Amino acid sequence: MTPNAERGTALRADAARNRARVLQVAREQLAAGDDSLMLNTIARLAGVGVGTVYRHFPNRHALMEALVAEHFQQLVREAQAAAADEDSLAGLHRLLRFALGRALDDAGFAAVLGSASDADAHTSAMKAELDRAVAELLDRARRAGAIRHDIEADDVRRLLCGIEHAVRSGDDDARHAELYLDVLLEGLRPPR
């Protein structure tokens with residue numbers, strides 16, 4: 001059974017326990033500073049067979065998606081709140097700061113956010129929700145004359161991932177994150 005199929009049907013109790021145990025061990029590995037997420041190692045540490053891990057998570061990226069799903073849903077809620085903000089530009093600024101902070105705090109989240117493809121249909125659905133909320137926010141900001149007309153939701157996500165990468169490839173200084181985000185925000189303004 002694939003992860004996508006499992007989402008459509010309830011897992012047996014033992015399968016649900018095994019999945020939860022694998023996720024718990026993966027979280028513990030990450031907390032201990034091991035971000036390799038070697039599926040064979042996780043299976044051994046979780047006390048389950050390798051096949052069990054691969055049945056739930058066919059690859060490392062699928063496991064990462066499951067680990068960050070809750071944070072990604074929180075980003076979707078933030079984007080929806082920003083889209084509903086009376087001041088669309090303030091909502092956009094708040095959303096970008098939130099998303100960048102989350103990406104800098106969690107490299108797995110950043111990897112899922114920046115990934116061109118998804119292992120799980122649930123992740124794809126959350127990305128589609130995110131893009132809809134950001135598109136609505138950008139439309140409102142464009143109508144208000146606050147941002148350029150040629151920027152789309154996917155562009156914003158790519159630019160934000162670029163900032164995350166730039167900060168990580170340097171000294172991880174929070175001042176650089178703020179500087180780069182300010183440059184992005186200034187670049188979103190309409191040409192004069």
# chains A, B, ... in the order shown; residues from 1 in each chain; ligands from 1
>>> select_by_dssp(residues="chain A", states="alpha helix (DSSP H)", output="VMD selection string")
chain A and resid 3 to 8 13 to 31 39 to 46 50 to 56 60 to 84 88 to 105 107 to 114 121 to 143 153 to 169 174 to 188
>>> write_last_selection(atoms="C-alpha atoms", output="CSV table (one decimal), in the first residue's frame")
chain,number,residue,atom,x,y,z
A,3,PRO,CA,1.3,6.4,1.4
A,4,ASN,CA,-1.3,8.0,-0.8
A,5,ALA,CA,-3.5,5.0,-0.5
A,6,GLU,CA,-3.1,4.9,3.2
A,7,ARG,CA,-4.5,8.4,3.5
A,8,GLY,CA,-7.7,7.3,1.9
A,13,ALA,CA,-4.1,-0.3,14.7
A,14,ASP,CA,-0.7,-2.0,14.5
A,15,ALA,CA,0.1,-0.2,11.3
A,16,ALA,CA,-0.8,3.1,12.9
A,17,ARG,CA,1.3,2.4,15.9
A,18,ASN,CA,4.3,1.4,13.7
A,19,ARG,CA,3.9,4.6,11.6
A,20,ALA,CA,3.7,6.7,14.8
A,21,ARG,CA,6.8,4.9,16.2
A,22,VAL,CA,8.8,5.6,13.0
A,23,LEU,CA,7.8,9.2,13.1
A,24,GLN,CA,8.8,9.5,16.8
A,25,VAL,CA,12.2,7.9,16.2
A,26,ALA,CA,12.8,10.2,13.1
A,27,ARG,CA,11.9,13.2,15.3
A,28,GLU,CA,14.4,12.0,18.0
A,29,GLN,CA,17.1,11.6,15.3
A,30,LEU,CA,16.5,15.1,14.1
A,31,ALA,CA,16.5,16.5,17.7
A,39,LEU,CA,15.3,4.7,6.7
A,40,ASN,CA,17.1,1.5,7.5
A,41,THR,CA,18.5,3.0,10.7
A,42,ILE,CA,15.2,4.4,11.7
A,43,ALA,CA,13.6,1.0,11.2
A,44,ARG,CA,16.2,-0.6,13.5
A,45,LEU,CA,15.8,2.1,16.1
A,46,ALA,CA,12.0,1.9,15.9
A,50,VAL,CA,12.6,-2.1,7.0
A,51,GLY,CA,9.6,-3.1,4.8
A,52,THR,CA,7.3,-1.5,7.3
A,53,VAL,CA,9.1,1.8,7.1
A,54,TYR,CA,9.2,1.8,3.3
A,55,ARG,CA,5.5,0.8,3.1
A,56,HIS,CA,4.7,4.0,5.0
A,60,ARG,CA,13.5,10.1,2.8
A,61,HIS,CA,11.4,12.9,1.3
A,62,ALA,CA,8.1,11.1,2.0
A,63,LEU,CA,9.3,10.8,5.6
A,64,MET,CA,10.3,14.5,5.7
A,65,GLU,CA,6.9,15.5,4.4
A,66,ALA,CA,5.1,13.6,7.2
A,67,LEU,CA,7.4,15.1,9.8
A,68,VAL,CA,6.7,18.7,8.7
A,69,ALA,CA,3.0,18.3,7.8
A,70,GLU,CA,1.8,20.0,11.0
A,71,HIS,CA,4.1,23.0,10.5
A,72,PHE,CA,3.1,23.2,6.8
A,73,GLN,CA,-0.6,23.2,7.8
A,74,GLN,CA,0.3,26.1,10.2
A,75,LEU,CA,1.9,28.0,7.2
A,76,VAL,CA,-1.3,27.4,5.2
A,77,ARG,CA,-3.4,28.9,8.1
A,78,GLU,CA,-1.0,31.9,8.3
A,79,ALA,CA,-1.3,32.5,4.6
A,80,GLN,CA,-5.1,32.3,4.9
A,81,ALA,CA,-5.0,34.8,7.7
A,82,ALA,CA,-2.7,37.1,5.7
A,83,ALA,CA,-5.1,36.9,2.8
A,84,ALA,CA,-7.9,38.0,5.0
A,88,SER,CA,-2.7,43.2,2.3
A,89,LEU,CA,0.8,44.5,2.3
A,90,ALA,CA,1.1,44.1,6.1
A,91,GLY,CA,-0.3,40.6,5.7
A,92,LEU,CA,2.2,39.7,3.1
A,93,HIS,CA,5.1,41.0,5.2
A,94,ARG,CA,3.9,39.1,8.2
A,95,LEU,CA,3.5,35.9,6.2
A,96,LEU,CA,6.9,36.1,4.6
A,97,ARG,CA,8.6,36.7,8.0
A,98,PHE,CA,6.7,33.8,9.5
A,99,ALA,CA,7.6,31.4,6.5
A,100,LEU,CA,11.2,32.5,6.5
A,101,GLY,CA,11.5,32.0,10.3
A,102,ARG,CA,10.0,28.5,10.0
A,103,ALA,CA,12.3,27.6,7.1
A,104,LEU,CA,15.4,28.7,9.0
A,105,ASP,CA,14.3,26.9,12.1
A,107,ALA,CA,15.6,22.5,7.3
A,108,GLY,CA,13.2,19.7,6.5
A,109,PHE,CA,10.3,22.2,6.3
A,110,ALA,CA,12.5,24.3,3.9
A,111,ALA,CA,13.2,21.3,1.8
A,112,VAL,CA,9.5,20.4,1.5
A,113,LEU,CA,8.5,24.0,0.8
A,114,GLY,CA,11.1,24.3,-1.9
A,121,ALA,CA,-0.9,13.8,-2.1
A,122,HIS,CA,-1.6,15.5,1.2
A,123,THR,CA,1.5,17.6,0.8
A,124,SER,CA,0.4,18.5,-2.7
A,125,ALA,CA,-3.0,19.5,-1.4
A,126,MET,CA,-1.5,21.7,1.3
A,127,LYS,CA,0.8,23.4,-1.3
A,128,ALA,CA,-2.2,24.0,-3.5
A,129,GLU,CA,-4.0,25.6,-0.5
A,130,LEU,CA,-1.0,27.7,0.3
A,131,ASP,CA,-0.7,28.9,-3.3
A,132,ARG,CA,-4.4,29.8,-3.4
A,133,ALA,CA,-4.2,31.8,-0.2
A,134,VAL,CA,-0.9,33.6,-1.4
A,135,ALA,CA,-2.5,34.2,-4.9
A,136,GLU,CA,-5.5,35.8,-3.2
A,137,LEU,CA,-3.2,37.9,-1.0
A,138,LEU,CA,-1.1,39.0,-4.0
A,139,ASP,CA,-4.2,39.9,-6.0
A,140,ARG,CA,-5.4,42.1,-3.2
A,141,ALA,CA,-2.0,43.7,-2.9
A,142,ARG,CA,-1.8,44.3,-6.7
A,143,ARG,CA,-5.2,45.9,-6.7
A,153,ALA,CA,2.6,32.8,-5.6
A,154,ASP,CA,5.1,30.4,-7.0
A,155,ASP,CA,7.6,33.2,-7.5
A,156,VAL,CA,7.2,34.3,-3.9
A,157,ARG,CA,7.8,30.7,-2.7
A,158,ARG,CA,11.0,30.4,-4.8
A,159,LEU,CA,12.3,33.8,-3.7
A,160,LEU,CA,11.7,32.9,-0.1
A,161,CYS,CA,13.5,29.6,-0.5
A,162,GLY,CA,16.4,31.5,-2.1
A,163,ILE,CA,16.7,33.7,1.0
A,164,GLU,CA,16.6,30.6,3.2
A,165,HIS,CA,19.4,29.1,1.2
A,166,ALA,CA,21.5,32.3,1.2
A,167,VAL,CA,21.2,32.6,5.0
A,168,ARG,CA,22.1,29.0,5.6
A,169,SER,CA,25.1,29.1,3.2
A,174,ALA,CA,19.6,36.6,11.8
A,175,ARG,CA,20.6,40.0,10.6
A,176,HIS,CA,21.2,38.6,7.1
A,177,ALA,CA,17.8,37.1,7.1
A,178,GLU,CA,16.2,40.4,7.9
A,179,LEU,CA,18.3,42.2,5.3
A,180,TYR,CA,17.6,39.7,2.6
A,181,LEU,CA,13.9,39.7,3.4
A,182,ASP,CA,13.8,43.5,3.3
A,183,VAL,CA,15.5,43.4,-0.2
A,184,LEU,CA,12.8,40.9,-1.3
A,185,LEU,CA,10.0,43.1,0.1
A,186,GLU,CA,11.4,46.2,-1.6
A,187,GLY,CA,11.7,44.2,-4.9
A,188,LEU,CA,8.0,43.3,-4.7
>>> atom_distance(atom1="atom CA of Pro58 of chain A", atom2="atom CA of Asp120 of chain A")
10.0 Å
>>> atom_distance(atom1="atom CA of Gly170 of chain A", atom2="atom CA of Ile147 of chain A")
28.7 Å
>>> atom_distance(atom1="atom CA of Ser115 of chain A", atom2="atom CA of Asp171 of chain A")
23.5 Å
>>> closest_residue(among="A:Asp150, A:Asn59, A:Asp87, A:Arg192", to="Met38 of chain A", atoms="only C-alpha atoms")
A:Asn59
